[in-house]
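**Q** Got a structure for you, coords.cif, holding mmCIF, C-alpha atoms.
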```
data_run
loop_
_atom_site.label_atom_id
_atom_site.label_comp_id
_atom_site.auth_asym_id
_atom_site.auth_seq_id
_atom_site.Cartn_x
_atom_site.Cartn_y
_atom_site.Cartn_z
CA MET A 146 27.88 -0.96 -49.45
CA ARG A 147 24.93 -1.92 -51.66
CA THR A 148 24.09 -1.17 -55.27
CA GLU A 149 21.31 -2.65 -57.38
CA GLY A 150 19.55 -2.16 -60.66
CA TYR A 151 18.34 -3.80 -63.84
CA LEU A 152 20.19 -5.27 -66.79
CA GLU A 153 18.55 -4.95 -70.21
CA LEU A 154 19.11 -8.42 -71.67
CA SER A 155 17.82 -9.89 -74.92
CA ASN A 156 14.59 -11.34 -73.48
CA GLY A 157 13.83 -8.80 -70.76
CA ARG A 158 15.13 -6.95 -67.73
CA VAL A 159 17.01 -8.84 -65.02
CA TRP A 160 17.26 -7.43 -61.48
CA TRP A 161 20.61 -7.59 -59.64
CA ARG A 162 22.17 -6.49 -56.36
CA ARG A 163 25.78 -6.16 -55.22
CA GLU A 164 26.68 -6.22 -51.49
CA GLY A 165 30.00 -5.62 -49.78
CA ALA A 166 33.32 -4.15 -50.78
CA GLY A 167 37.06 -4.80 -50.53
CA ASP A 168 39.67 -6.56 -52.60
CA ALA A 169 38.55 -10.17 -52.08
CA LEU A 170 37.35 -11.95 -55.21
CA PRO A 171 33.56 -11.48 -55.70
CA ILE A 172 31.15 -14.37 -55.60
CA LEU A 173 28.04 -14.70 -57.78
CA LEU A 174 25.08 -16.54 -56.25
CA LEU A 175 22.59 -18.55 -58.33
CA HIS A 176 19.20 -19.11 -56.70
CA GLY A 177 16.99 -22.15 -56.87
CA GLY A 178 13.71 -23.01 -58.50
CA PRO A 179 13.84 -23.02 -61.43
CA GLY A 180 11.58 -20.01 -61.27
CA ALA A 181 12.15 -19.03 -57.65
CA ALA A 182 13.83 -15.76 -56.72
CA SER A 183 16.85 -14.73 -54.69
CA TYR A 184 14.90 -13.51 -51.63
CA TYR A 185 15.91 -16.54 -49.57
CA LEU A 186 19.59 -15.98 -50.40
CA GLU A 187 19.60 -12.34 -49.28
CA PRO A 188 20.33 -13.01 -45.57
CA PHE A 189 23.26 -15.24 -46.57
CA ALA A 190 24.51 -12.66 -49.08
CA GLU A 191 24.48 -9.98 -46.38
CA ARG A 192 26.57 -12.12 -44.02
CA LEU A 193 29.01 -13.19 -46.70
CA ALA A 194 29.36 -9.55 -47.83
CA LEU A 195 31.18 -8.81 -44.57
CA HIS A 196 34.13 -10.61 -46.19
CA ARG A 197 33.86 -9.92 -49.93
CA PRO A 198 31.63 -8.51 -52.69
CA VAL A 199 28.56 -10.69 -53.26
CA ILE A 200 26.26 -10.48 -56.28
CA ILE A 201 22.76 -11.92 -56.49
CA PHE A 202 20.21 -11.64 -59.28
CA ASP A 203 16.69 -12.82 -60.02
CA GLN A 204 16.80 -15.00 -63.09
CA LEU A 205 14.46 -14.01 -65.90
CA GLY A 206 10.90 -15.16 -65.23
CA CYS A 207 10.82 -14.63 -61.49
CA GLY A 208 11.14 -12.22 -58.60
CA ARG A 209 11.95 -8.63 -59.49
CA SER A 210 13.01 -9.51 -63.04
CA ASP A 211 10.68 -9.45 -66.03
CA GLN A 212 8.37 -12.42 -66.40
CA PRO A 213 7.64 -12.87 -70.12
CA ASP A 214 4.80 -15.22 -71.00
CA ASP A 215 6.72 -17.56 -73.30
CA PRO A 216 7.40 -21.19 -72.23
CA LYS A 217 9.92 -21.57 -75.07
CA LEU A 218 12.32 -19.32 -73.12
CA TRP A 219 12.79 -21.72 -70.24
CA THR A 220 15.74 -23.78 -71.45
CA LEU A 221 19.22 -24.56 -70.17
CA ASP A 222 20.72 -22.90 -73.25
CA ARG A 223 19.04 -19.59 -72.46
CA ALA A 224 19.84 -19.83 -68.75
CA CYS A 225 23.53 -20.41 -69.48
CA GLN A 226 23.54 -17.50 -71.93
CA GLU A 227 21.87 -15.32 -69.30
CA LEU A 228 24.61 -16.23 -66.84
CA ASP A 229 27.26 -15.22 -69.39
CA ASP A 230 25.43 -11.95 -70.05
CA VAL A 231 25.08 -11.11 -66.35
CA ARG A 232 28.76 -11.78 -65.72
CA ALA A 233 29.78 -9.60 -68.68
CA ALA A 234 27.46 -6.73 -67.72
CA LEU A 235 28.57 -6.68 -64.08
CA GLY A 236 32.28 -7.06 -64.73
CA LEU A 237 32.56 -10.57 -63.29
CA GLU A 238 35.10 -11.93 -65.73
CA HIS A 239 36.90 -13.45 -62.72
CA CYS A 240 34.77 -14.55 -59.75
CA HIS A 241 33.67 -17.40 -57.54
CA LEU A 242 30.33 -19.12 -58.22
CA LEU A 243 27.76 -20.58 -55.81
CA GLY A 244 24.70 -22.42 -57.03
CA GLN A 245 21.97 -23.52 -54.61
CA SER A 246 19.43 -26.21 -55.58
CA TRP A 247 18.44 -25.48 -59.22
CA GLY A 248 21.20 -22.87 -59.13
CA GLY A 249 23.57 -25.78 -58.60
CA TRP A 250 22.18 -27.64 -61.60
CA LEU A 251 22.70 -24.47 -63.63
CA ALA A 252 26.25 -24.10 -62.30
CA ILE A 253 27.05 -27.73 -63.15
CA GLU A 254 25.64 -27.37 -66.66
CA TYR A 255 27.46 -24.06 -67.15
CA LEU A 256 30.81 -25.43 -66.01
CA CYS A 257 30.49 -28.71 -67.91
CA ARG A 258 30.01 -26.71 -71.12
CA GLY A 259 33.36 -25.03 -70.50
CA THR A 260 33.74 -21.51 -69.21
CA GLU A 261 36.57 -19.26 -68.11
CA GLY A 262 37.12 -17.03 -65.12
CA ILE A 263 35.45 -19.09 -62.38
CA GLU A 264 37.93 -19.51 -59.53
CA ARG A 265 36.15 -21.61 -56.89
CA VAL A 266 32.72 -23.25 -56.88
CA VAL A 267 30.17 -24.00 -54.17
CA LEU A 268 27.45 -26.51 -55.08
CA ALA A 269 24.81 -26.27 -52.36
CA SER A 270 22.00 -28.81 -51.88
CA THR A 271 21.99 -29.87 -55.49
CA SER A 272 22.34 -32.85 -57.80
CA ALA A 273 23.99 -33.81 -61.06
CA SER A 274 21.12 -36.12 -62.04
CA MET A 275 17.39 -35.58 -62.07
CA ARG A 276 16.89 -39.34 -62.05
CA GLN A 277 18.82 -39.70 -58.80
CA PHE A 278 17.04 -36.70 -57.28
CA GLY A 279 13.68 -38.24 -58.17
CA GLU A 280 14.63 -41.63 -56.73
CA GLU A 281 15.84 -40.04 -53.51
CA SER A 282 12.69 -37.92 -53.23
CA LEU A 283 10.56 -41.04 -53.56
CA ARG A 284 12.62 -42.73 -50.85
CA LEU A 285 12.00 -39.77 -48.52
CA ILE A 286 8.27 -39.85 -49.29
CA HIS A 287 8.12 -43.56 -48.39
CA ALA A 288 9.85 -42.75 -45.09
CA LEU A 289 7.07 -40.35 -44.08
CA PRO A 290 4.26 -41.47 -41.75
CA PRO A 291 2.08 -43.88 -43.76
CA ALA A 292 -0.97 -41.60 -43.99
CA ILE A 293 1.12 -38.71 -45.36
CA CYS A 294 2.98 -40.97 -47.76
CA ASP A 295 -0.23 -42.52 -49.09
CA THR A 296 -1.83 -39.10 -49.57
CA ILE A 297 1.11 -37.76 -51.58
CA LEU A 298 1.40 -40.88 -53.75
CA LYS A 299 -2.32 -41.36 -54.43
CA LEU A 300 -3.11 -37.72 -55.15
CA SER A 301 0.05 -37.32 -57.24
CA GLU A 302 -1.03 -40.25 -59.38
CA ALA A 303 -4.44 -38.59 -59.78
CA ARG A 304 -2.75 -35.22 -60.45
CA GLN A 305 -4.91 -33.64 -57.77
CA TYR A 306 -2.21 -31.20 -56.70
CA ASP A 307 -4.70 -28.57 -55.50
CA ASP A 308 -6.51 -30.96 -53.17
CA PRO A 309 -6.22 -29.56 -49.61
CA ALA A 310 -5.10 -32.98 -48.38
CA PHE A 311 -2.27 -33.02 -50.91
CA VAL A 312 -1.23 -29.47 -50.01
CA ALA A 313 -1.14 -30.35 -46.31
CA ALA A 314 0.82 -33.56 -46.90
CA SER A 315 3.26 -31.71 -49.13
CA MET A 316 3.89 -29.17 -46.38
CA GLU A 317 4.77 -32.03 -44.04
CA PHE A 318 7.42 -33.08 -46.57
CA TYR A 319 8.65 -29.51 -47.01
CA ASN A 320 8.90 -28.92 -43.25
CA ARG A 321 11.05 -32.02 -42.92
CA HIS A 322 13.16 -31.75 -46.06
CA VAL A 323 13.10 -28.17 -47.41
CA CYS A 324 13.38 -25.96 -44.30
CA ARG A 325 13.19 -27.22 -40.72
CA LEU A 326 12.89 -23.79 -39.11
CA ASP A 327 9.53 -23.06 -37.46
CA PRO A 328 8.25 -20.66 -38.57
CA TRP A 329 9.97 -20.26 -41.91
CA PRO A 330 11.91 -16.97 -42.20
CA GLU A 331 10.18 -14.26 -44.21
CA ALA A 332 12.84 -14.51 -46.94
CA MET A 333 12.04 -18.21 -47.34
CA VAL A 334 8.29 -17.58 -47.48
CA LEU A 335 8.77 -14.93 -50.19
CA THR A 336 10.74 -17.36 -52.34
CA ALA A 337 8.29 -20.23 -51.78
CA ASP A 338 5.39 -17.96 -52.76
CA GLU A 339 7.26 -17.08 -55.95
CA LEU A 340 6.97 -20.68 -57.16
CA ASP A 341 3.18 -20.80 -56.93
CA GLY A 342 1.99 -20.95 -60.53
CA ASN A 343 5.36 -19.79 -61.86
CA GLN A 344 5.70 -20.62 -65.56
CA VAL A 345 9.43 -21.36 -65.36
CA TYR A 346 8.92 -23.84 -62.51
CA LEU A 347 5.96 -25.55 -64.17
CA THR A 348 7.78 -25.81 -67.51
CA MET A 349 11.18 -27.01 -66.33
CA ASN A 350 10.41 -28.85 -63.07
CA GLY A 351 6.73 -29.64 -62.64
CA PRO A 352 3.89 -28.83 -60.24
CA ASN A 353 5.84 -29.45 -57.01
CA GLU A 354 9.21 -30.49 -55.57
CA PHE A 355 8.77 -34.22 -56.07
CA THR A 356 6.72 -34.44 -59.28
CA LEU A 357 9.51 -34.08 -61.83
CA VAL A 358 7.67 -34.02 -65.15
CA GLY A 359 9.12 -30.84 -66.71
CA THR A 360 11.68 -30.43 -69.46
CA LEU A 361 14.54 -31.10 -67.01
CA ARG A 362 13.24 -34.55 -66.06
CA ASP A 363 15.96 -36.38 -68.04
CA TRP A 364 18.82 -33.98 -67.30
CA ASP A 365 21.96 -35.82 -66.14
CA ARG A 366 25.53 -34.50 -66.00
CA SER A 367 26.89 -37.13 -63.60
CA ALA A 368 29.09 -38.63 -66.32
CA ASP A 369 30.57 -35.21 -67.17
CA LEU A 370 31.53 -33.99 -63.70
CA SER A 371 35.25 -34.49 -64.37
CA ARG A 372 35.01 -31.43 -66.63
CA ILE A 373 34.63 -29.30 -63.48
CA THR A 374 38.29 -28.76 -62.56
CA GLN A 375 37.86 -25.90 -60.08
CA SER A 376 38.19 -26.47 -56.35
CA THR A 377 34.60 -27.24 -55.34
CA LEU A 378 32.80 -27.23 -52.01
CA ILE A 379 29.73 -29.49 -52.01
CA THR A 380 27.23 -28.86 -49.22
CA CYS A 381 23.91 -30.35 -48.16
CA GLY A 382 21.72 -30.82 -45.12
CA ARG A 383 21.40 -34.13 -43.32
CA TYR A 384 17.62 -34.00 -43.98
CA ASP A 385 17.89 -32.42 -47.44
CA GLU A 386 15.29 -33.14 -50.11
CA ILE A 387 18.30 -33.36 -52.45
CA THR A 388 19.91 -35.93 -50.22
CA PRO A 389 23.54 -36.47 -49.19
CA ALA A 390 23.61 -39.34 -51.68
CA CYS A 391 23.21 -36.79 -54.48
CA SER A 392 26.08 -34.75 -53.06
CA GLU A 393 28.24 -37.87 -52.83
CA THR A 394 27.69 -38.50 -56.55
CA ILE A 395 29.01 -35.02 -57.27
CA LEU A 396 31.95 -35.53 -54.89
CA HIS A 397 32.96 -38.76 -56.61
CA GLY A 398 32.78 -37.17 -60.05
CA ILE A 399 34.65 -33.90 -59.46
CA PRO A 400 38.46 -34.18 -59.33
CA ASN A 401 38.98 -31.50 -56.68
CA GLY A 402 35.94 -31.60 -54.42
CA ARG A 403 35.18 -31.49 -50.70
CA MET A 404 31.82 -32.30 -49.11
CA VAL A 405 30.27 -30.94 -45.91
CA VAL A 406 26.96 -32.16 -44.44
CA PHE A 407 25.12 -29.79 -42.09
CA GLU A 408 23.63 -32.01 -39.42
CA GLU A 409 20.74 -29.75 -38.33
CA SER A 410 19.59 -28.69 -41.78
CA ALA A 411 17.34 -29.73 -44.61
CA HIS A 412 17.56 -27.95 -47.99
CA CYS A 413 18.52 -24.46 -46.77
CA ALA A 414 21.56 -24.80 -44.52
CA HIS A 415 22.46 -21.16 -45.27
CA LEU A 416 19.30 -20.23 -43.29
CA GLU A 417 19.01 -23.16 -40.90
CA GLU A 418 22.63 -23.11 -39.67
CA ARG A 419 23.44 -19.62 -40.86
CA GLU A 420 26.61 -18.82 -38.90
CA LEU A 421 28.26 -22.19 -39.40
CA TYR A 422 27.32 -22.25 -43.08
CA THR A 423 28.69 -18.76 -43.76
CA ALA A 424 31.93 -19.53 -41.92
CA THR A 425 32.36 -22.79 -43.84
CA VAL A 426 31.87 -21.12 -47.22
CA GLU A 427 34.11 -18.16 -46.44
CA GLU A 428 36.88 -20.41 -45.13
CA PHE A 429 36.74 -22.35 -48.40
CA LEU A 430 36.74 -19.21 -50.56
CA ALA A 431 39.62 -17.63 -48.66
CA ALA A 432 41.83 -20.74 -48.71
#
```
Render the structure in this file as structure tokens.
**A**
Amino acid sequence: MRTEGYLELSNGRVWWRREGAGDALPILLLHGGPGAASYYLEPFAERLALHRPVIIFDQLGCGRSDQPDDPKLWTLDRACQELDDVRAALGLEHCHLLGQSWGGWLAIEYLCRGTEGIERVVLASTSASMRQFGEESLRLIHALPPAICDTILKLSEARQYDDPAFVAASMEFYNRHVCRLDPWPEAMVLTADELDGNQVYLTMNGPNEFTLVGTLRDWDRSADLSRITQSTLITCGRYDEITPACSETILHGIPNGRMVVFEESAHCAHLEERELYTATVEEFLAA
């Protein structure tokens, strides 16, 4: 069973889709970016919907949602309010919540501010600290073959992000630490394309995955993780750009957390180890 449509929110229309049926508690999925879209979560949503209702949506500024030209909109305050508004409009007063990558940062921020009605939480390939994420990204860059490492570092310092050599070196990083499937699934390509020149991504993150110069560069909720009292599953890939060390920080801060590392995955275990990942999440939600 599938339904979809648009929500008329205060700053524009937001696209949503609901998959699945039955009496199990629904789960709301938050995609990454910031400024990506939910395309890359759709295959996972379809598999999870065999067990329960699953809701995805494209956050304002990306995908099938409206994309207003206003950098002042791209704040954590507005994103948290949007999440409240989506839950209210879709009748999700009581649900599970999964945040992947930036969606995990949003989930952490949302839960640390205090919210009601979230039963269980999945934090997938994410971090509670931009500083730690940046340090771990730099460590991964230094572990690349020397020529690739030097190209990324030198051209980043020169801000020559459009240089073909930088683009090629970046793809070497992405193929190791974002998605290790070859070729990338179409859903992943659609989401990656969404980030190219996206205003939300440029404003909040920066020009690429490891140049963190946007408004989120100082975000850090690692000291507030004890506010997240829900049972929480923390997942990451062994080769993840947001490394297992970032997941361990979350695990140590949350009172009721469990961590699973997917040994054959980078940043998208829900695509790279799809059956195992779906089974792991559903087992946790059904416990």
**Q** Quick one: distance from atom CA of A:Arg197 to atom CA of A:Ile263 in Å, one decimal?
**A**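 According to the coordinates, atom CA of A:Arg197 and atom CA of A:Ile263 are separated by 15.5 Å.
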**Q** Between A:Met275, A:Leu154, A:Cys413, A:Leu237, which has the minimum distance to A:Phe189 (counting only C-alpha atoms)?
**A** A:Cys413
**Q** If we count all atoms listed in the file, what is near A:Thr380 at a cut-off of 8 Å, once residues fewer than 5 positions away on the same chain are taken out, given as a PyMOL selection string?
**A** chain A and resi 267-270+392+404-407
**Q** List every residue of stretch 319-389 of chain A that has an atom at most 6 Å from any atom of stretch 170-185 of chain A, giving for each one its closest atom pair and the distance in Å to one decimal, counting only C-alpha atoms, sorted by chain and then by ascending residue number, as CSV.
**A**
```
residue,atom,partner,partner_atom,distance
A:Ala332,CA,A:Tyr185,CA,4.5
A:Met333,CA,A:Tyr185,CA,4.8
A:Thr336,CA,A:Ala182,CA,5.6
A:Glu339,CA,A:Ala181,CA,5.5
A:Leu340,CA,A:Ala181,CA,5.5
A:Val345,CA,A:Gly180,CA,4.8
A:Tyr346,CA,A:Gly180,CA,4.8
```
**Q** Considering only C-alpha atoms, return as a ChimeraX atom specification whatever protein or nucleic-acid residues lie within 8 Å of A:Ile293, sequence-local ones (same chain, fewer than 4 positions apart) excluded.
**A** /A:289,297,314,317
**Q** Evaluate the PyMOL selection byres ((chain A and resi 400) around 10) against this structure - the residues, as a VMD selection string, please.
**A** chain A and resid 370 to 377 395 to 399 401 to 403
**Q** Going by the chain IDs and residue numbers used in this file, which residues fall under the PyMOL selection byres ((chain A and resi 348) around 9)? Write them as a PDB file with C-alpha atoms, in the coordinates of the input.
**A**
```
ATOM      1  CA  PRO A 216       7.400 -21.190 -72.230  1.00  0.00           C
ATOM      2  CA  LYS A 217       9.920 -21.570 -75.070  1.00  0.00           C
ATOM      3  CA  TRP A 219      12.790 -21.720 -70.240  1.00  0.00           C
ATOM      4  CA  ASN A 343       5.360 -19.790 -61.860  1.00  0.00           C
ATOM      5  CA  GLN A 344       5.700 -20.620 -65.560  1.00  0.00           C
ATOM      6  CA  VAL A 345       9.430 -21.360 -65.360  1.00  0.00           C
ATOM      7  CA  TYR A 346       8.920 -23.840 -62.510  1.00  0.00           C
ATOM      8  CA  LEU A 347       5.960 -25.550 -64.170  1.00  0.00           C
ATOM      9  CA  MET A 349      11.180 -27.010 -66.330  1.00  0.00           C
ATOM     10  CA  ASN A 350      10.410 -28.850 -63.070  1.00  0.00           C
ATOM     11  CA  GLY A 351       6.730 -29.640 -62.640  1.00  0.00           C
ATOM     12  CA  PRO A 352       3.890 -28.830 -60.240  1.00  0.00           C
ATOM     13  CA  VAL A 358       7.670 -34.020 -65.150  1.00  0.00           C
ATOM     14  CA  GLY A 359       9.120 -30.840 -66.710  1.00  0.00           C
ATOM     15  CA  THR A 360      11.680 -30.430 -69.460  1.00  0.00           C
ATOM     16  CA  LEU A 361      14.540 -31.100 -67.010  1.00  0.00           C
TER      17      LEU A 361
END
```
**Q** Written as a list in words, what is the full residue list that the PyMOL selection byres ((chain A and resi 228-236) around 9) yields on the file shown?
**A**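 Selection result, ordered by chain and number: Leu152, Leu154, Val159, Trp161, Leu173, Ile200, Phe202, Gln204, Arg223, Ala224, Cys225, Gln226, Glu227, Leu237, Glu238, His239, Cys240 and Tyr255 of chain A.
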**Q** What is the atom CA of A:Arg321-atom CA of A:Pro389 distance in Å, reported with one decimal?
**A**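 Going from atom CA of A:Arg321 over to atom CA of A:Pro389, I get 14.7 Å.
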**Q** Would you list the contacts of stretch 307-312 of chain A as a list in words, taking every protein, DNA or RNA residue within 12 Å and counting all atoms listed in the file, but skipping same-chain residues closer than 4 positions in sequence?
**A**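 Using all atoms listed in the file, the neighbours found are Ala292, Ile293, Cys294, Asp295, Thr296, Ile297, Leu298, Lys299, Leu300, Ser301, Glu302, Ala303, Met316, Glu317, Phe318, Tyr319, Asp341, Gly342, Pro352, Asn353 and Glu354 of chain A.
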**Q** Using all atoms listed in the file, which of A:Met146, A:Ala390, A:Ala273, A:Ala190 sits nearest A:Leu251?
**A**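 Using all atoms listed in the file, the shortest distance to A:Leu251 belongs to A:Ala273.
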**Q** Anything within 10 Å of (14.2, -21.6, -42.9): list those residues as a list in words, counting only C-alpha atoms and sticking to the file's coordinates.
**A** Tyr185, Asn320, Val323, Cys324, Arg325, Leu326, Asp327, Pro328, Trp329, Pro330, Glu331, Ala332, Met333, Val334, Ser410, Ala411, His412, Cys413, Ala414, His415, Leu416, Glu417, Glu418 and Arg419 of chain A
**Q** Using only C-alpha atoms for the distances, tell me which of A:Leu430, A:Ala169, A:Val266, A:Ile387 is nearest to A:Glu281.
**A**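 Selected residue with least distance to A:Glu281: A:Ile387.
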**Q** Determine the nearest neighbour of A:Tyr422 from the options A:Glu153, A:Gly382, A:Glu393, A:Gly249, counting only C-alpha atoms.
**A** A:Gly382
**Q** Quick check, in Å to one decimal: how far apart do atom CA of A:Glu191 and atom CA of A:Leu205 lie?
**A**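 We find that atom CA of A:Glu191 and atom CA of A:Leu205 lie 22.3 Å from each other.
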**Q** Let me make sure I understand: among A:Phe278, A:Phe429, A:Phe355, A:Tyr151, which one has the smallest atom-to-atom distance to A:Thr394 if we use all atoms listed in the file?
**A**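 Result for the nearest residue to A:Thr394: A:Phe278.
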